[in-house]
Amino acid sequence: MEIYKKSITELSDLLNKKTISSVEMTNYFLERIKTHDSKLNSFITINDKFALKRAAEADKKISNNEHHLLTGIPIAHKDLFSTKNILTTCGSKMLKNYKPPFDATVVKKLDDIGMVNIGKTNMDEFAMGSSNESSYFGVVKNPWNLDKVPGGSSGGSAAAVAACLSPVATGSDTGGSIRQPASFCGLTGLKPTYSSVSRYGMIAYASSLDQGGPIGKSAEDCAILYNEINGYDPNDSTSNHEQKIEKIKLNLTKENASKIRIGIPLEYFSKNLDQSISDEIFKSIDVFKKLGFKIKEISLPNHNFTIPAYYIIASAEASSNLSRYDGVKFGYRCKDPKNLEELYFKTRKEGFGKEVKKRVMIGAYALSSGYYDEYYIRALKIRRIIRDSFLAAFKDVDFIFAPTSPTTAFNIGEKTSNAVDMYLSDIYTTPVNLAGLPALSIPVGYSNNLPVGLQIIGNYFSESGILNIAHFYQKNTEWHLKVPKEFDNE
């Protein structure tokens, strides 16, 4: 039956026809995790008993015809979404024993319609990383090549979905942490408009940049999940309460496609981009042309300012957000401190990893007296310039196509000793977060047998258009259907 390859709609159809029960489906994916995850390390926590209990409840709802399309479908959550009484570590020693007393809004919404949480996925510590190598629980490996990274910080979610250990997963995107892993692992990953999905219960890295979203095999799966997790949440002060978000319907036709103008920013196809990736992206653009889309070259002239601005803003917000981890209220606490000052110092020294400490120090420096205006305020001004560049471009075109990453997945350990190289892997994704825009990464080919991702960027709250464009492309191509050879079996 090859259940592991099936889409959300196909799995839901199997449940509705009683071809398989949710308990059986959940057991099926739990067995795949037991069989394969020792090679990947994509999960931190497996919720066997909890998941099977939820699956049994879902089967009752289906029998009583009280179900939703997603009822009974397994899902994995990135380990920064709070899950009530289930370990939520954020990939850190600091929270290795933390069990929240509440669910994140994203988790609760999916629980309420009967999805089955099968586990919590590995991630870069406190979402700080582009390779999933900074987790306290070990490196995650890419299913396409076990010597390569899966991308970060949502690498665990991406690896789990790519290896078909879970049909779909949640991720978070601060500077590309959904889209870059999706690109590296041959998946579809949506970073929604900032404020469209609640951040309540999502452990914070950089509050003005963090955004939760779905990672799946296809645009259709991402659209189904996004329809359920978006919307206003009074528990999140940054949650959008003005824009009414309609349910997304994937119904784009060739006639409608001919009215859509796509911009190709020249600055994104510079020497930073691997030539083989550029070639694959332009092959996909040729497909979009044949499907009727109008393609036009545009300019985003402030592109090269994004990395320094992003890392100053993100690090500054991280230094503030992570000040709560002091060994007093919750989380890791050092042993036998002599006084309060030593409690703070030793707890943070022992509880945080190297990458987190580095970013906290950068952020504290940027916010310190004498440097606040020179670094942080200047970075905020650049952020506004980048936002304005996008808005100017959207007067000329409807959507923007760009590479997701300058390279395919790189070797484990290749960039850990060179922070600049690692940070530059986010060069095409961070501008979207600074501007608060929505963007989607889809697979469009291979370079050296590794997936290549194309990024579709839209104006605020244009998720419907982005997902429709991606779905129309995926109806006419098969890149999203590919499964890594080692995991393409029952």
# chains A, B, ... in the order shown; residues from 1 in each chain; ligands from 1
>>> select_by_dssp(residues="segment 64-226 of chain A", states="alpha helix (DSSP H)", output="VMD selection string")
chain A and resid 105 to 112 155 to 162 179 to 184 219 to 226
>>> residues_around(residues="segment 446-452 of chain A", least_positions_apart="2", cutoff="10 Å", atoms="only C-alpha atoms", output="mmCIF file with C-alpha atoms, in the first residue's frame")
data_model
loop_
_atom_site.group_PDB
_atom_site.id
_atom_site.type_symbol
_atom_site.label_atom_id
_atom_site.label_comp_id
_atom_site.auth_asym_id
_atom_site.auth_seq_id
_atom_site.Cartn_x
_atom_site.Cartn_y
_atom_site.Cartn_z
ATOM 1 C CA ASN A 142 20.038 14.318 5.968
ATOM 2 C CA TRP A 144 19.368 11.997 1.087
ATOM 3 C CA ASN A 145 22.958 11.574 2.266
ATOM 4 C CA LYS A 148 25.205 15.811 5.011
ATOM 5 C CA GLN A 180 16.298 25.978 4.204
ATOM 6 C CA ALA A 182 12.879 21.970 3.243
ATOM 7 C CA SER A 183 15.283 22.834 0.431
ATOM 8 C CA PHE A 184 18.053 20.558 1.742
ATOM 9 C CA CYS A 185 15.637 17.649 2.235
ATOM 10 C CA GLY A 186 13.538 17.946 -0.942
ATOM 11 C CA LEU A 187 10.356 19.112 0.801
ATOM 12 C CA ASP A 274 26.317 27.679 -6.874
ATOM 13 C CA GLN A 275 26.060 27.483 -10.683
ATOM 14 C CA SER A 276 24.405 24.053 -10.694
ATOM 15 C CA ILE A 277 21.660 25.367 -8.387
ATOM 16 C CA SER A 278 21.153 28.383 -10.643
ATOM 17 C CA ASP A 279 20.803 26.017 -13.631
ATOM 18 C CA GLU A 280 18.164 23.894 -11.888
ATOM 19 C CA ILE A 281 16.198 26.957 -10.809
ATOM 20 C CA PRO A 403 16.934 30.408 -4.625
ATOM 21 C CA THR A 404 16.270 29.088 -1.120
ATOM 22 C CA SER A 405 19.926 28.402 -0.369
ATOM 23 C CA PRO A 406 23.229 29.239 -2.120
ATOM 24 C CA THR A 407 24.278 25.563 -1.914
ATOM 25 C CA THR A 408 22.786 22.131 -1.521
ATOM 26 C CA ALA A 409 23.189 20.352 1.837
ATOM 27 C CA PHE A 410 26.803 20.566 2.994
ATOM 28 C CA SER A 441 10.372 26.582 -0.577
ATOM 29 C CA ILE A 442 9.615 23.791 -3.064
ATOM 30 C CA PRO A 443 11.892 21.131 -4.590
ATOM 31 C CA VAL A 444 12.718 21.779 -8.263
ATOM 32 C CA LEU A 454 13.089 27.323 -5.174
ATOM 33 C CA TRP A 479 10.110 16.449 -7.677
ATOM 34 C CA HIS A 480 7.947 16.552 -4.539
ATOM 35 C CA LYS A 482 10.722 11.648 -4.620
ATOM 36 C CA PRO A 484 15.424 9.110 -0.448
#
>>> residues_around(residues="Tyr310 of chain A", least_positions_apart="4", cutoff="8 Å", atoms="only C-alpha atoms", output="ChimeraX atom specification")
/A:175,306,314,379,383,430-431,434
>>> write_last_selection(atoms="N, CA and C atoms", output="compact mmCIF listing (two decimals), in the first residue's frame")
# COMPACT_ATOMS: atom_id res chain seq x y z
N GLY A 175 14.98 32.87 10.43
CA GLY A 175 15.79 33.44 9.34
C GLY A 175 15.88 32.50 8.16
N THR A 306 21.38 42.24 4.33
CA THR A 306 20.45 41.49 5.19
C THR A 306 21.14 40.66 6.26
N ALA A 314 18.49 39.61 15.53
CA ALA A 314 18.16 38.31 16.11
C ALA A 314 18.94 38.07 17.40
N ALA A 379 20.70 48.62 12.46
CA ALA A 379 20.15 47.38 11.90
C ALA A 379 18.64 47.50 11.68
N ARG A 383 16.55 47.20 8.24
CA ARG A 383 15.37 46.33 8.14
C ARG A 383 14.24 47.04 7.41
N THR A 430 16.86 35.20 4.97
CA THR A 430 16.70 36.21 6.02
C THR A 430 15.96 37.48 5.59
N PRO A 431 16.08 37.93 4.31
CA PRO A 431 15.35 39.15 3.94
C PRO A 431 13.85 39.03 4.16
N LEU A 434 13.09 39.59 7.88
CA LEU A 434 13.24 41.00 8.25
C LEU A 434 12.03 41.80 7.81
>>> closest_atom_pairs(of="segment 14-91 of chain A", to="segment 129-136 of chain A", cutoff="10 Å", atoms="only C-alpha atoms", output="JSON lines")
{"residue": "A:Ser42", "atom": "CA", "partner": "A:Asn132", "partner_atom": "CA", "distance": 9.6}
{"residue": "A:Ile44", "atom": "CA", "partner": "A:Ser135", "partner_atom": "CA", "distance": 10.0}
{"residue": "A:Thr89", "atom": "CA", "partner": "A:Tyr136", "partner_atom": "CA", "distance": 9.3}
{"residue": "A:Cys90", "atom": "CA", "partner": "A:Ser135", "partner_atom": "CA", "distance": 8.4}
{"residue": "A:Gly91", "atom": "CA", "partner": "A:Ser135", "partner_atom": "CA", "distance": 4.9}
>>> select_by_dssp(residues="segment 32-117 of chain A", states="strand (DSSP E)", output="MDAnalysis selection string")
chainID A and resid 43:46 74:78 116:117
>>> write_last_selection(atoms="C-alpha atoms", output="JSON list (two decimals), in the first residue's frame")
[["chain", "number", "residue", "atom", "x", "y", "z"],
["A", 43, "PHE", "CA", 13.40, 12.84, 17.10],
["A", 44, "ILE", "CA", 14.15, 13.84, 20.68],
["A", 45, "THR", "CA", 10.95, 12.42, 22.20],
["A", 46, "ILE", "CA", 8.62, 9.68, 20.94],
["A", 74, "PRO", "CA", 0.00, 11.61, 12.68],
["A", 75, "ILE", "CA", 2.14, 14.75, 13.02],
["A", 76, "ALA", "CA", 5.53, 15.56, 14.56],
["A", 77, "HIS", "CA", 6.14, 18.86, 16.34],
["A", 78, "LYS", "CA", 9.42, 20.77, 16.42],
["A", 116, "VAL", "CA", -2.02, 12.59, 16.55],
["A", 117, "ASN", "CA", 1.22, 13.98, 18.00]]
>>> atom_distance(atom1="atom CA of His471 of chain A", atom2="atom CA of Leu250 of chain A")
7.0 Å
>>> atom_distance(atom1="atom CA of Gly353 of chain A", atom2="atom CA of Thr105 of chain A")
27.8 Å
>>> atom_distance(atom1="atom CA of Ile307 of chain A", atom2="atom CA of Ile427 of chain A")
6.1 Å
